[in-house]
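Below is the file entry.pdb, which contains PDB, C-alpha atoms.
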ATOM      1  CA  MET A   1     -37.497  30.486 -17.584
ATOM      2  CA  LYS A   2     -33.939  31.029 -16.489
ATOM      3  CA  PRO A   3     -33.772  31.914 -12.783
ATOM      4  CA  THR A   4     -32.578  35.370 -11.836
ATOM      5  CA  SER A   5     -31.884  37.057  -8.550
ATOM      6  CA  LYS A   6     -35.253  38.794  -8.734
ATOM      7  CA  ASN A   7     -37.023  35.468  -8.188
ATOM      8  CA  ILE A   8     -35.217  34.710  -4.950
ATOM      9  CA  GLN A   9     -36.364  35.098  -1.372
ATOM     10  CA  PRO A  10     -33.977  34.415   1.497
ATOM     11  CA  GLY A  11     -33.952  30.731   2.390
ATOM     12  CA  THR A  12     -36.094  29.542  -0.525
ATOM     13  CA  TYR A  13     -36.085  29.405  -4.293
ATOM     14  CA  LYS A  14     -39.024  29.332  -6.689
ATOM     15  CA  PRO A  15     -38.240  29.002 -10.388
ATOM     16  CA  ASN A  16     -41.907  29.670 -11.231
ATOM     17  CA  THR A  17     -44.948  30.619  -9.219
ATOM     18  CA  THR A  18     -45.406  26.904  -8.543
ATOM     19  CA  ALA A  19     -44.781  26.240  -4.852
ATOM     20  CA  THR A  20     -41.689  24.281  -3.888
ATOM     21  CA  SER A  21     -41.192  22.415  -0.599
ATOM     22  CA  VAL A  22     -38.551  23.957   1.670
ATOM     23  CA  THR A  23     -37.519  20.522   2.950
ATOM     24  CA  THR A  24     -37.331  18.501  -0.244
ATOM     25  CA  THR A  25     -37.094  18.875  -3.982
ATOM     26  CA  ALA A  26     -40.309  18.848  -5.982
ATOM     27  CA  TYR A  27     -41.099  18.325  -9.594
ATOM     28  CA  ARG A  28     -43.727  20.525 -11.190
ATOM     29  CA  GLN A  29     -46.908  18.655 -12.002
ATOM     30  CA  GLN A  30     -47.282  20.077 -15.499
ATOM     31  CA  GLU A  31     -43.876  18.630 -16.418
ATOM     32  CA  ILE A  32     -44.685  15.158 -15.086
ATOM     33  CA  HIS A  33     -47.206  14.511 -17.826
ATOM     34  CA  SER A  34     -44.872  15.654 -20.583
ATOM     35  CA  LEU A  35     -41.851  13.623 -19.424
ATOM     36  CA  PRO A  36     -42.643  10.309 -21.178
ATOM     37  CA  GLN A  37     -42.812  12.074 -24.520
ATOM     38  CA  GLN A  38     -39.330  13.493 -23.906
ATOM     39  CA  GLU A  39     -37.709  10.113 -23.241
ATOM     40  CA  GLY A  40     -36.069   8.242 -26.094
ATOM     41  CA  TYR A  41     -37.811   5.050 -27.163
ATOM     42  CA  GLY A  42     -36.036   4.535 -30.497
ATOM     43  CA  TRP A  43     -34.736   1.256 -31.805
ATOM     44  CA  LEU A  44     -31.347   1.749 -30.109
ATOM     45  CA  HIS A  45     -33.088   2.084 -26.748
ATOM     46  CA  VAL A  46     -35.118  -1.071 -27.395
ATOM     47  CA  ALA A  47     -32.048  -2.958 -28.646
ATOM     48  CA  LYS A  48     -30.132  -2.046 -25.501
ATOM     49  CA  ARG A  49     -32.935  -3.321 -23.282
ATOM     50  CA  ILE A  50     -33.236  -6.574 -25.213
ATOM     51  CA  ALA A  51     -29.454  -7.088 -25.086
ATOM     52  CA  LEU A  52     -29.465  -6.628 -21.305
ATOM     53  CA  LEU A  53     -32.348  -9.097 -20.952
ATOM     54  CA  ILE A  54     -30.558 -11.713 -23.080
ATOM     55  CA  ALA A  55     -27.394 -11.245 -21.011
ATOM     56  CA  GLY A  56     -29.389 -11.569 -17.779
ATOM     57  CA  ALA A  57     -31.168 -14.701 -19.033
ATOM     58  CA  LEU A  58     -27.884 -16.330 -20.075
ATOM     59  CA  ILE A  59     -26.231 -15.537 -16.723
ATOM     60  CA  MET A  60     -29.223 -16.882 -14.815
ATOM     61  CA  SER A  61     -29.453 -20.086 -16.865
ATOM     62  CA  PHE A  62     -25.676 -20.610 -16.553
ATOM     63  CA  ASN A  63     -25.960 -20.153 -12.785
ATOM     64  CA  LEU A  64     -28.875 -22.597 -12.507
ATOM     65  CA  ASN A  65     -26.881 -25.233 -14.397
ATOM     66  CA  THR A  66     -23.504 -24.763 -12.670
ATOM     67  CA  PHE A  67     -23.174 -23.116  -9.252
ATOM     68  CA  VAL A  68     -26.682 -23.969  -8.014
ATOM     69  CA  PRO A  69     -26.535 -27.771  -8.554
ATOM     70  CA  ALA A  70     -22.857 -27.919  -7.566
ATOM     71  CA  ALA A  71     -23.591 -26.407  -4.163
ATOM     72  CA  GLN A  72     -27.073 -27.942  -3.901
ATOM     73  CA  THR A  73     -28.333 -24.439  -3.139
ATOM     74  CA  LEU A  74     -31.620 -22.781  -4.020
ATOM     75  CA  PRO A  75     -31.696 -19.547  -6.037
ATOM     76  CA  GLY A  76     -33.831 -16.640  -4.912
ATOM     77  CA  GLY A  77     -37.503 -15.930  -5.478
ATOM     78  CA  PHE A  78     -39.729 -18.053  -7.654
ATOM     79  CA  ALA A  79     -36.675 -19.608  -9.314
ATOM     80  CA  GLY A  80     -35.864 -21.136  -5.922
ATOM     81  CA  VAL A  81     -39.460 -22.285  -5.464
ATOM     82  CA  THR A  82     -39.295 -23.863  -8.936
ATOM     83  CA  VAL A  83     -36.040 -25.721  -8.198
ATOM     84  CA  LEU A  84     -37.445 -26.870  -4.835
ATOM     85  CA  THR A  85     -40.602 -28.158  -6.549
ATOM     86  CA  GLN A  86     -38.460 -30.064  -9.061
ATOM     87  CA  ARG A  87     -36.466 -31.662  -6.237
ATOM     88  CA  ILE A  88     -39.622 -32.629  -4.355
ATOM     89  CA  ALA A  89     -41.142 -34.180  -7.494
ATOM     90  CA  SER A  90     -37.935 -36.041  -8.297
ATOM     91  CA  THR A  91     -37.173 -37.257  -4.755
ATOM     92  CA  PHE A  92     -40.620 -38.184  -3.434
ATOM     93  CA  PHE A  93     -42.551 -38.966  -6.615
ATOM     94  CA  ASN A  94     -39.758 -40.031  -8.992
ATOM     95  CA  TYR A  95     -41.115 -37.582 -11.542
ATOM     96  CA  THR A  96     -39.235 -35.001 -13.620
ATOM     97  CA  VAL A  97     -40.962 -31.637 -14.010
ATOM     98  CA  SER A  98     -39.992 -29.024 -16.574
ATOM     99  CA  TYR A  99     -38.420 -25.897 -15.088
ATOM    100  CA  SER A 100     -40.144 -23.700 -17.681
ATOM    101  CA  LEU A 101     -43.613 -25.027 -16.898
ATOM    102  CA  ILE A 102     -43.441 -24.381 -13.145
ATOM    103  CA  TYR A 103     -41.645 -21.049 -13.466
ATOM    104  CA  LEU A 104     -44.106 -19.660 -16.009
ATOM    105  CA  LEU A 105     -47.109 -20.763 -13.942
ATOM    106  CA  LEU A 106     -45.732 -19.173 -10.761
ATOM    107  CA  ASN A 107     -45.115 -15.878 -12.578
ATOM    108  CA  SER A 108     -48.555 -15.609 -14.162
ATOM    109  CA  VAL A 109     -50.330 -13.864 -11.264
ATOM    110  CA  PRO A 110     -47.498 -11.402 -10.346
ATOM    111  CA  ALA A 111     -47.208 -10.534 -14.057
ATOM    112  CA  ILE A 112     -50.895  -9.611 -14.243
ATOM    113  CA  ILE A 113     -50.569  -7.432 -11.131
ATOM    114  CA  SER A 114     -47.460  -5.793 -12.574
ATOM    115  CA  PHE A 115     -49.210  -5.094 -15.887
ATOM    116  CA  PHE A 116     -51.924  -3.037 -14.198
ATOM    117  CA  PHE A 117     -50.049  -1.464 -11.277
ATOM    118  CA  ILE A 118     -46.387  -1.041 -12.339
ATOM    119  CA  GLY A 119     -46.183  -0.600 -16.105
ATOM    120  CA  ARG A 120     -47.185  -2.359 -19.308
ATOM    121  CA  LYS A 121     -43.859  -2.205 -21.152
ATOM    122  CA  PHE A 122     -42.095  -2.997 -17.882
ATOM    123  CA  THR A 123     -44.195  -6.156 -17.578
ATOM    124  CA  LEU A 124     -43.772  -7.165 -21.224
ATOM    125  CA  TYR A 125     -39.984  -6.838 -21.028
ATOM    126  CA  SER A 126     -40.073  -8.826 -17.782
ATOM    127  CA  LEU A 127     -42.046 -11.561 -19.525
ATOM    128  CA  VAL A 128     -39.360 -11.655 -22.229
ATOM    129  CA  MET A 129     -36.784 -12.227 -19.490
ATOM    130  CA  ILE A 130     -38.910 -14.923 -17.830
ATOM    131  CA  VAL A 131     -39.415 -16.830 -21.076
ATOM    132  CA  LEU A 132     -35.766 -16.518 -22.160
ATOM    133  CA  SER A 133     -34.353 -17.614 -18.798
ATOM    134  CA  SER A 134     -36.792 -20.557 -18.653
ATOM    135  CA  VAL A 135     -35.961 -21.757 -22.157
ATOM    136  CA  PHE A 136     -32.206 -21.224 -21.752
ATOM    137  CA  THR A 137     -32.223 -23.144 -18.454
ATOM    138  CA  ASP A 138     -33.868 -26.156 -20.108
ATOM    139  CA  ILE A 139     -31.879 -26.209 -23.361
ATOM    140  CA  LEU A 140     -28.411 -25.156 -22.134
ATOM    141  CA  PRO A 141     -27.531 -28.631 -20.731
ATOM    142  CA  LEU A 142     -28.633 -30.160 -24.064
ATOM    143  CA  ILE A 143     -26.312 -27.916 -26.066
ATOM    144  CA  ILE A 144     -23.189 -27.989 -23.912
ATOM    145  CA  GLN A 145     -22.000 -30.068 -20.991
ATOM    146  CA  LEU A 146     -21.124 -27.690 -18.174
ATOM    147  CA  PRO A 147     -18.715 -29.210 -15.616
ATOM    148  CA  PRO A 148     -19.074 -28.279 -11.924
ATOM    149  CA  PRO A 149     -17.163 -25.008 -11.421
ATOM    150  CA  SER A 150     -15.827 -26.086  -8.009
ATOM    151  CA  SER A 151     -16.121 -28.820  -5.422
ATOM    152  CA  ASN A 152     -16.045 -26.219  -2.643
ATOM    153  CA  THR A 153     -19.623 -25.552  -1.530
ATOM    154  CA  VAL A 154     -18.856 -22.152  -0.012
ATOM    155  CA  ILE A 155     -17.232 -20.908  -3.226
ATOM    156  CA  CYS A 156     -20.212 -22.126  -5.268
ATOM    157  CA  ALA A 157     -22.669 -20.484  -2.867
ATOM    158  CA  VAL A 158     -20.867 -17.111  -2.924
ATOM    159  CA  PHE A 159     -20.258 -16.984  -6.668
ATOM    160  CA  GLY A 160     -23.711 -18.366  -7.349
ATOM    161  CA  GLY A 161     -25.150 -15.483  -5.348
ATOM    162  CA  LEU A 162     -23.030 -13.004  -7.321
ATOM    163  CA  CYS A 163     -24.176 -14.520 -10.626
ATOM    164  CA  ASN A 164     -27.796 -14.361  -9.517
ATOM    165  CA  ALA A 165     -27.384 -10.701  -8.514
ATOM    166  CA  SER A 166     -25.725  -9.921 -11.860
ATOM    167  CA  ALA A 167     -28.639 -11.467 -13.760
ATOM    168  CA  VAL A 168     -31.232  -9.536 -11.742
ATOM    169  CA  TYR A 169     -29.230  -6.301 -12.066
ATOM    170  CA  CYS A 170     -29.154  -6.672 -15.877
ATOM    171  CA  CYS A 171     -32.949  -6.935 -15.803
ATOM    172  CA  LEU A 172     -33.340  -3.888 -13.575
ATOM    173  CA  MET A 173     -31.039  -1.842 -15.808
ATOM    174  CA  ALA A 174     -33.210  -2.874 -18.760
ATOM    175  CA  GLY A 175     -36.310  -1.584 -16.978
ATOM    176  CA  ALA A 176     -37.617  -5.070 -16.216
ATOM    177  CA  THR A 177     -37.330  -7.840 -13.637
ATOM    178  CA  SER A 178     -36.461 -11.515 -13.618
ATOM    179  CA  GLY A 179     -40.021 -12.202 -12.490
ATOM    180  CA  GLY A 180     -41.672 -13.622  -9.417
ATOM    181  CA  THR A 181     -40.719 -11.941  -6.170
ATOM    182  CA  ASP A 182     -38.933  -9.190  -8.110
ATOM    183  CA  PHE A 183     -42.367  -8.068  -9.306
ATOM    184  CA  ILE A 184     -43.420  -7.879  -5.671
ATOM    185  CA  ALA A 185     -40.246  -6.019  -4.646
ATOM    186  CA  ILE A 186     -40.700  -3.410  -7.387
ATOM    187  CA  PHE A 187     -44.403  -3.022  -6.524
ATOM    188  CA  ILE A 188     -43.565  -2.339  -2.859
ATOM    189  CA  SER A 189     -40.783   0.060  -3.840
ATOM    190  CA  GLU A 190     -43.018   1.963  -6.275
ATOM    191  CA  ARG A 191     -45.903   2.166  -3.821
ATOM    192  CA  TRP A 192     -43.959   3.095  -0.670
ATOM    193  CA  GLY A 193     -40.656   4.376  -2.116
ATOM    194  CA  LYS A 194     -38.358   2.060  -0.157
ATOM    195  CA  ASP A 195     -36.076  -0.860  -0.941
ATOM    196  CA  ALA A 196     -37.847  -4.184  -0.574
ATOM    197  CA  TRP A 197     -34.955  -6.554  -1.258
ATOM    198  CA  ASN A 198     -34.532  -7.415   2.424
ATOM    199  CA  TYR A 199     -38.227  -8.399   2.574
ATOM    200  CA  ILE A 200     -37.564 -10.721  -0.344
ATOM    201  CA  LEU A 201     -34.617 -12.152   1.579
ATOM    202  CA  THR A 202     -37.036 -13.006   4.412
ATOM    203  CA  PHE A 203     -39.324 -14.838   1.970
ATOM    204  CA  ASN A 204     -36.352 -16.719   0.540
ATOM    205  CA  ILE A 205     -35.235 -17.795   4.014
ATOM    206  CA  LEU A 206     -38.730 -19.247   4.649
ATOM    207  CA  VAL A 207     -38.433 -21.257   1.416
ATOM    208  CA  LEU A 208     -35.002 -22.438   2.520
ATOM    209  CA  CYS A 209     -36.400 -23.580   5.865
ATOM    210  CA  VAL A 210     -38.865 -25.796   3.974
ATOM    211  CA  SER A 211     -35.976 -27.135   1.897
ATOM    212  CA  GLY A 212     -33.916 -27.796   5.023
ATOM    213  CA  PHE A 213     -36.803 -29.630   6.702
ATOM    214  CA  LEU A 214     -37.410 -31.836   3.650
ATOM    215  CA  PHE A 215     -33.843 -32.449   2.518
ATOM    216  CA  ASN A 216     -30.688 -31.176   4.164
ATOM    217  CA  TRP A 217     -30.215 -28.382   6.692
ATOM    218  CA  GLU A 218     -26.561 -27.947   5.788
ATOM    219  CA  MET A 219     -27.453 -27.217   2.154
ATOM    220  CA  ALA A 220     -30.215 -24.874   3.329
ATOM    221  CA  LEU A 221     -27.662 -22.908   5.344
ATOM    222  CA  TYR A 222     -25.377 -22.667   2.308
ATOM    223  CA  SER A 223     -28.389 -21.449   0.361
ATOM    224  CA  MET A 224     -28.861 -18.680   2.934
ATOM    225  CA  VAL A 225     -25.308 -17.572   2.167
ATOM    226  CA  PHE A 226     -26.237 -17.620  -1.524
ATOM    227  CA  GLN A 227     -29.362 -15.525  -0.845
ATOM    228  CA  PHE A 228     -27.575 -13.047   1.395
ATOM    229  CA  VAL A 229     -24.800 -12.436  -1.142
ATOM    230  CA  SER A 230     -27.357 -12.020  -3.926
ATOM    231  CA  THR A 231     -29.756  -9.619  -2.174
ATOM    232  CA  GLN A 232     -27.046  -7.466  -0.616
ATOM    233  CA  THR A 233     -25.231  -7.176  -3.971
ATOM    234  CA  ILE A 234     -28.453  -6.030  -5.652
ATOM    235  CA  ASN A 235     -29.156  -3.666  -2.767
ATOM    236  CA  TYR A 236     -25.694  -2.144  -3.215
ATOM    237  CA  LEU A 237     -25.757  -1.857  -7.010
ATOM    238  CA  TYR A 238     -29.337  -0.770  -7.644
ATOM    239  CA  LYS A 239     -29.976   2.685  -6.208
ATOM    240  CA  ARG A 240     -33.224   3.748  -7.854
ATOM    241  CA  TYR A 241     -35.131   3.774  -4.564
ATOM    242  CA  LYS A 242     -32.331   5.218  -2.444
ATOM    243  CA  LYS A 243     -32.186   8.980  -1.990
ATOM    244  CA  ALA A 244     -29.358  11.408  -1.394
ATOM    245  CA  THR A 245     -29.333  15.009  -0.220
ATOM    246  CA  LEU A 246     -27.170  17.264  -2.357
ATOM    247  CA  LEU A 247     -25.756  20.479  -0.852
ATOM    248  CA  VAL A 248     -23.828  22.626  -3.320
ATOM    249  CA  ILE A 249     -22.123  25.929  -2.549
ATOM    250  CA  SER A 250     -21.175  27.753  -5.735
ATOM    251  CA  GLU A 251     -21.170  31.153  -7.400
ATOM    252  CA  HIS A 252     -22.528  29.429 -10.518
ATOM    253  CA  TRP A 253     -25.680  28.274  -8.784
ATOM    254  CA  GLU A 254     -27.981  29.301 -11.657
ATOM    255  CA  GLU A 255     -26.225  27.020 -14.133
ATOM    256  CA  ILE A 256     -26.044  24.218 -11.573
ATOM    257  CA  PHE A 257     -29.766  24.516 -10.878
ATOM    258  CA  GLU A 258     -30.513  24.269 -14.615
ATOM    259  CA  LEU A 259     -28.329  21.149 -14.724
ATOM    260  CA  ILE A 260     -30.196  19.576 -11.803
ATOM    261  CA  LYS A 261     -33.572  20.396 -13.329
ATOM    262  CA  GLU A 262     -32.693  19.038 -16.772
ATOM    263  CA  THR A 263     -30.911  15.930 -15.468
ATOM    264  CA  THR A 264     -33.227  14.833 -12.657
ATOM    265  CA  HIS A 265     -36.446  16.844 -13.241
ATOM    266  CA  HIS A 266     -36.297  18.094  -9.649
ATOM    267  CA  ASP A 267     -36.380  21.646  -8.376
ATOM    268  CA  ALA A 268     -34.106  22.915  -5.616
ATOM    269  CA  THR A 269     -34.090  25.299  -2.662
ATOM    270  CA  LEU A 270     -31.623  28.187  -2.539
ATOM    271  CA  PHE A 271     -30.179  29.447   0.736
ATOM    272  CA  ARG A 272     -28.098  32.593   1.177
ATOM    273  CA  GLY A 273     -25.537  32.796   3.942
ATOM    274  CA  ILE A 274     -22.330  34.467   5.025
ATOM    275  CA  GLY A 275     -19.042  32.642   4.566
ATOM    276  CA  TYR A 276     -16.479  33.088   7.310
ATOM    277  CA  PRO A 277     -13.878  34.385   7.913
ATOM    278  CA  VAL A 278     -14.089  36.506   4.742
ATOM    279  CA  GLU A 279     -17.759  37.418   5.434
ATOM    280  CA  LYS A 280     -18.727  36.993   1.808
ATOM    281  CA  THR A 281     -22.240  36.121   0.623
ATOM    282  CA  ARG A 282     -22.527  32.452  -0.355
ATOM    283  CA  HIS A 283     -25.257  30.597  -2.263
ATOM    284  CA  LEU A 284     -26.212  27.056  -1.238
ATOM    285  CA  LEU A 285     -28.435  24.821  -3.354
ATOM    286  CA  TYR A 286     -30.344  22.144  -1.443
ATOM    287  CA  CYS A 287     -31.746  19.239  -3.441
ATOM    288  CA  VAL A 288     -32.869  15.659  -2.813
ATOM    289  CA  VAL A 289     -32.288  13.265  -5.712
ATOM    290  CA  SER A 290     -32.123   9.542  -6.306
ATOM    291  CA  ALA A 291     -28.791   8.044  -5.321
ATOM    292  CA  ASP A 292     -28.130   6.813  -8.856
ATOM    293  CA  GLU A 293     -28.591  10.378 -10.165
ATOM    294  CA  VAL A 294     -25.736  11.614  -7.969
ATOM    295  CA  ARG A 295     -23.262   9.718 -10.183
ATOM    296  CA  ARG A 296     -24.342  11.783 -13.172
ATOM    297  CA  LEU A 297     -24.675  15.087 -11.336
ATOM    298  CA  THR A 298     -21.376  15.427  -9.473
ATOM    299  CA  PRO A 299     -19.036  15.238 -12.511
ATOM    300  CA  ALA A 300     -21.302  17.632 -14.428
ATOM    301  CA  ILE A 301     -21.320  20.112 -11.520
ATOM    302  CA  ARG A 302     -17.514  19.950 -11.459
ATOM    303  CA  GLU A 303     -17.445  20.833 -15.130
ATOM    304  CA  ILE A 304     -19.559  23.931 -14.481
ATOM    305  CA  ASP A 305     -17.642  24.991 -11.383
ATOM    306  CA  PRO A 306     -14.427  23.138 -10.470
ATOM    307  CA  LYS A 307     -14.371  25.082  -7.185
ATOM    308  CA  ALA A 308     -17.901  24.078  -6.136
ATOM    309  CA  PHE A 309     -18.215  22.720  -2.588
ATOM    310  CA  ILE A 310     -20.403  19.591  -2.775
ATOM    311  CA  ASN A 311     -21.705  17.710   0.241
ATOM    312  CA  ILE A 312     -23.618  14.468  -0.421
ATOM    313  CA  LEU A 313     -25.669  13.056   2.456
ATOM    314  CA  LYS A 314     -27.480   9.750   2.659
ATOM    315  CA  THR A 315     -31.205  10.365   3.078
ATOM    316  CA  GLN A 316     -32.584   7.765   5.447
ATOM    317  CA  GLU A 317     -36.250   8.743   5.151
ATOM    318  CA  LEU A 318     -38.144  11.350   3.155
ATOM    319  CA  LEU A 319     -41.661  12.639   3.819
ATOM    320  CA  GLY A 320     -43.314  14.759   1.156
ATOM    321  CA  HIS A 321     -43.611  14.789  -2.609
ATOM    322  CA  PHE A 322     -40.672  13.312  -4.473
ATOM    323  CA  TYR A 323     -40.790  12.766  -8.222
ATOM    324  CA  ARG A 324     -39.583   9.417  -9.508
ATOM    325  CA  LYS A 325     -39.599   8.500 -13.159
ATOM    326  CA  PRO A 326     -42.392   5.911 -13.591
ATOM    327  CA  ASN A 327     -41.819   2.510 -15.130
ATOM    328  CA  ASP A 328     -43.089   2.434 -18.703
TER     329      ASP A 328
END
Spit out the file's structure as structure tokens when you get a sec.
Amino acid sequence: MKPTSKNIQPGTYKPNTTATSVTTTAYRQQEIHSLPQQEGYGWLHVAKRIALLIAGALIMSFNLNTFVPAAQTLPGGFAGVTVLTQRIASTFFNYTVSYSLIYLLLNSVPAIISFFFIGRKFTLYSLVMIVLSSVFTDILPLIIQLPPPSSNTVICAVFGGLCNASAVYCCLMAGATSGGTDFIAIFISERWGKDAWNYILTFNILVLCVSGFLFNWEMALYSMVFQFVSTQTINYLYKRYKKATLLVISEHWEEIFELIKETTHHDATLFRGIGYPVEKTRHLLYCVVSADEVRRLTPAIREIDPKAFINILKTQELLGHFYRKPND
């Protein structure tokens, strides 16, 4: 139903009789169940996800065979645990262990948890990424000899962290993860609605402390640089669990509300006020959306009303119902 002025009460807006929070946007429950049927899951969608996973797997395997050994650093998550296990087996037991074997074993339990608590397709696509990255890491050195990219350890640590972040970001954009601690990070984010990448950084630092104790503290410190660059890059790029408050003053508020509803599946709150010094009635739409949705909304709002006054605020914490598209 298209909103009209007859539906409006001062300081609040209700598109239907369904109640809407006055402090945050809310998505109507009857629409939540119908959303998955509205999303496109055609072959183009699947092909795009697979392409992103292949790209992520290639970047990760390239990183593990170039920047990581050149700088003697450890990658993040279970990949780092796998590399550390290989080094322990090689150094103390003179035994070579397959990267794929260890990595797949470590990911088995988080994958089962993800399958039941995060999403089935999400987990299956993640398993594709885990298998591809494991196989590529083992066979890439057999296909092509990759020379060390640099003799400078700092450069290798920084660019290795960027490569690792790029690989993980490709997975996240494909609706999957690179496995291991990423499963845990997504689970925490889905359950409590907050970024968990800094918690993963803490886990990685503990792994690095073990590496420093067993091998070389200098390399462990370089690995911390690697981890910091990687986690902060992901935290900056991936905004699914960040929220932004959108305040829009416009005479075309009805069209803008329809845009917000169709684009983000959130409702909004309408406030009426007096603009000074002309003392003219103004309409302000208040809406909380995901930070990544702001990128799509602001240009579209400008198309509807080039004169719209838009204020975007970072939402530090949000209490109350907030709809987030579930992982498939």
Query raised in the report: So how many Å separate CA of Pro148 (chain A) and CA of Ile200 (chain A), to one decimal?
Result: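 Distance between the two atoms: 28.0 Å.
Against this structure, the PyMOL selection byres ((chain A and resi 179) around 7) ends up with Asn107, Ser126, Ile130, Thr177, Ser178, Gly180, Thr181, Asp182 and Phe183 of chain A.
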Report summary line: Counting all atoms listed in the file, the residue among A:Glu258, A:Ile249, A:Leu105, A:Thr66 that lies closest to Gly273 (chain A) is A:Ile249
Query raised in the report: Quick one: distance from CA of Gly80 (chain A) to CA of Phe203 (chain A) in Å, one decimal?
Result: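 Straight-line distance from CA of Gly80 (chain A) to CA of Phe203 (chain A) works out to 10.7 Å.
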Requested in this report: Can you turn the PyMOL selection byres ((chain A and resi 229-243) around 9) into a concrete residue list for this file, as a PyMOL selection string?
Outcome: chain A and resi 75-76+157-166+168-169+172-173+189-190+193-198+200-201+224-228+244-245+288-293+313-318+324
Keeping C-alpha atoms, export the residues of the selection given above as an mmCIF file, in the frame of the given file.
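Below is the file that was written, selection.cif:
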data_model
loop_
_atom_site.group_PDB
_atom_site.id
_atom_site.type_symbol
_atom_site.label_atom_id
_atom_site.label_comp_id
_atom_site.auth_asym_id
_atom_site.auth_seq_id
_atom_site.Cartn_x
_atom_site.Cartn_y
_atom_site.Cartn_z
ATOM 1 C CA PRO A 75 -31.696 -19.547 -6.037
ATOM 2 C CA GLY A 76 -33.831 -16.640 -4.912
ATOM 3 C CA ALA A 157 -22.669 -20.484 -2.867
ATOM 4 C CA VAL A 158 -20.867 -17.111 -2.924
ATOM 5 C CA PHE A 159 -20.258 -16.984 -6.668
ATOM 6 C CA GLY A 160 -23.711 -18.366 -7.349
ATOM 7 C CA GLY A 161 -25.150 -15.483 -5.348
ATOM 8 C CA LEU A 162 -23.030 -13.004 -7.321
ATOM 9 C CA CYS A 163 -24.176 -14.520 -10.626
ATOM 10 C CA ASN A 164 -27.796 -14.361 -9.517
ATOM 11 C CA ALA A 165 -27.384 -10.701 -8.514
ATOM 12 C CA SER A 166 -25.725 -9.921 -11.860
ATOM 13 C CA VAL A 168 -31.232 -9.536 -11.742
ATOM 14 C CA TYR A 169 -29.230 -6.301 -12.066
ATOM 15 C CA LEU A 172 -33.340 -3.888 -13.575
ATOM 16 C CA MET A 173 -31.039 -1.842 -15.808
ATOM 17 C CA SER A 189 -40.783 0.060 -3.840
ATOM 18 C CA GLU A 190 -43.018 1.963 -6.275
ATOM 19 C CA GLY A 193 -40.656 4.376 -2.116
ATOM 20 C CA LYS A 194 -38.358 2.060 -0.157
ATOM 21 C CA ASP A 195 -36.076 -0.860 -0.941
ATOM 22 C CA ALA A 196 -37.847 -4.184 -0.574
ATOM 23 C CA TRP A 197 -34.955 -6.554 -1.258
ATOM 24 C CA ASN A 198 -34.532 -7.415 2.424
ATOM 25 C CA ILE A 200 -37.564 -10.721 -0.344
ATOM 26 C CA LEU A 201 -34.617 -12.152 1.579
ATOM 27 C CA MET A 224 -28.861 -18.680 2.934
ATOM 28 C CA VAL A 225 -25.308 -17.572 2.167
ATOM 29 C CA PHE A 226 -26.237 -17.620 -1.524
ATOM 30 C CA GLN A 227 -29.362 -15.525 -0.845
ATOM 31 C CA PHE A 228 -27.575 -13.047 1.395
ATOM 32 C CA ALA A 244 -29.358 11.408 -1.394
ATOM 33 C CA THR A 245 -29.333 15.009 -0.220
ATOM 34 C CA VAL A 288 -32.869 15.659 -2.813
ATOM 35 C CA VAL A 289 -32.288 13.265 -5.712
ATOM 36 C CA SER A 290 -32.123 9.542 -6.306
ATOM 37 C CA ALA A 291 -28.791 8.044 -5.321
ATOM 38 C CA ASP A 292 -28.130 6.813 -8.856
ATOM 39 C CA GLU A 293 -28.591 10.378 -10.165
ATOM 40 C CA LEU A 313 -25.669 13.056 2.456
ATOM 41 C CA LYS A 314 -27.480 9.750 2.659
ATOM 42 C CA THR A 315 -31.205 10.365 3.078
ATOM 43 C CA GLN A 316 -32.584 7.765 5.447
ATOM 44 C CA GLU A 317 -36.250 8.743 5.151
ATOM 45 C CA LEU A 318 -38.144 11.350 3.155
ATOM 46 C CA ARG A 324 -39.583 9.417 -9.508
#
**Report entry** Atomic distance CA of Glu251 (chain A) - CA of Ile304 (chain A), expressed in Å with one decimal
**Finding:**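 Interatomic distance, CA of Glu251 (chain A) to CA of Ile304 (chain A): 10.2 Å.
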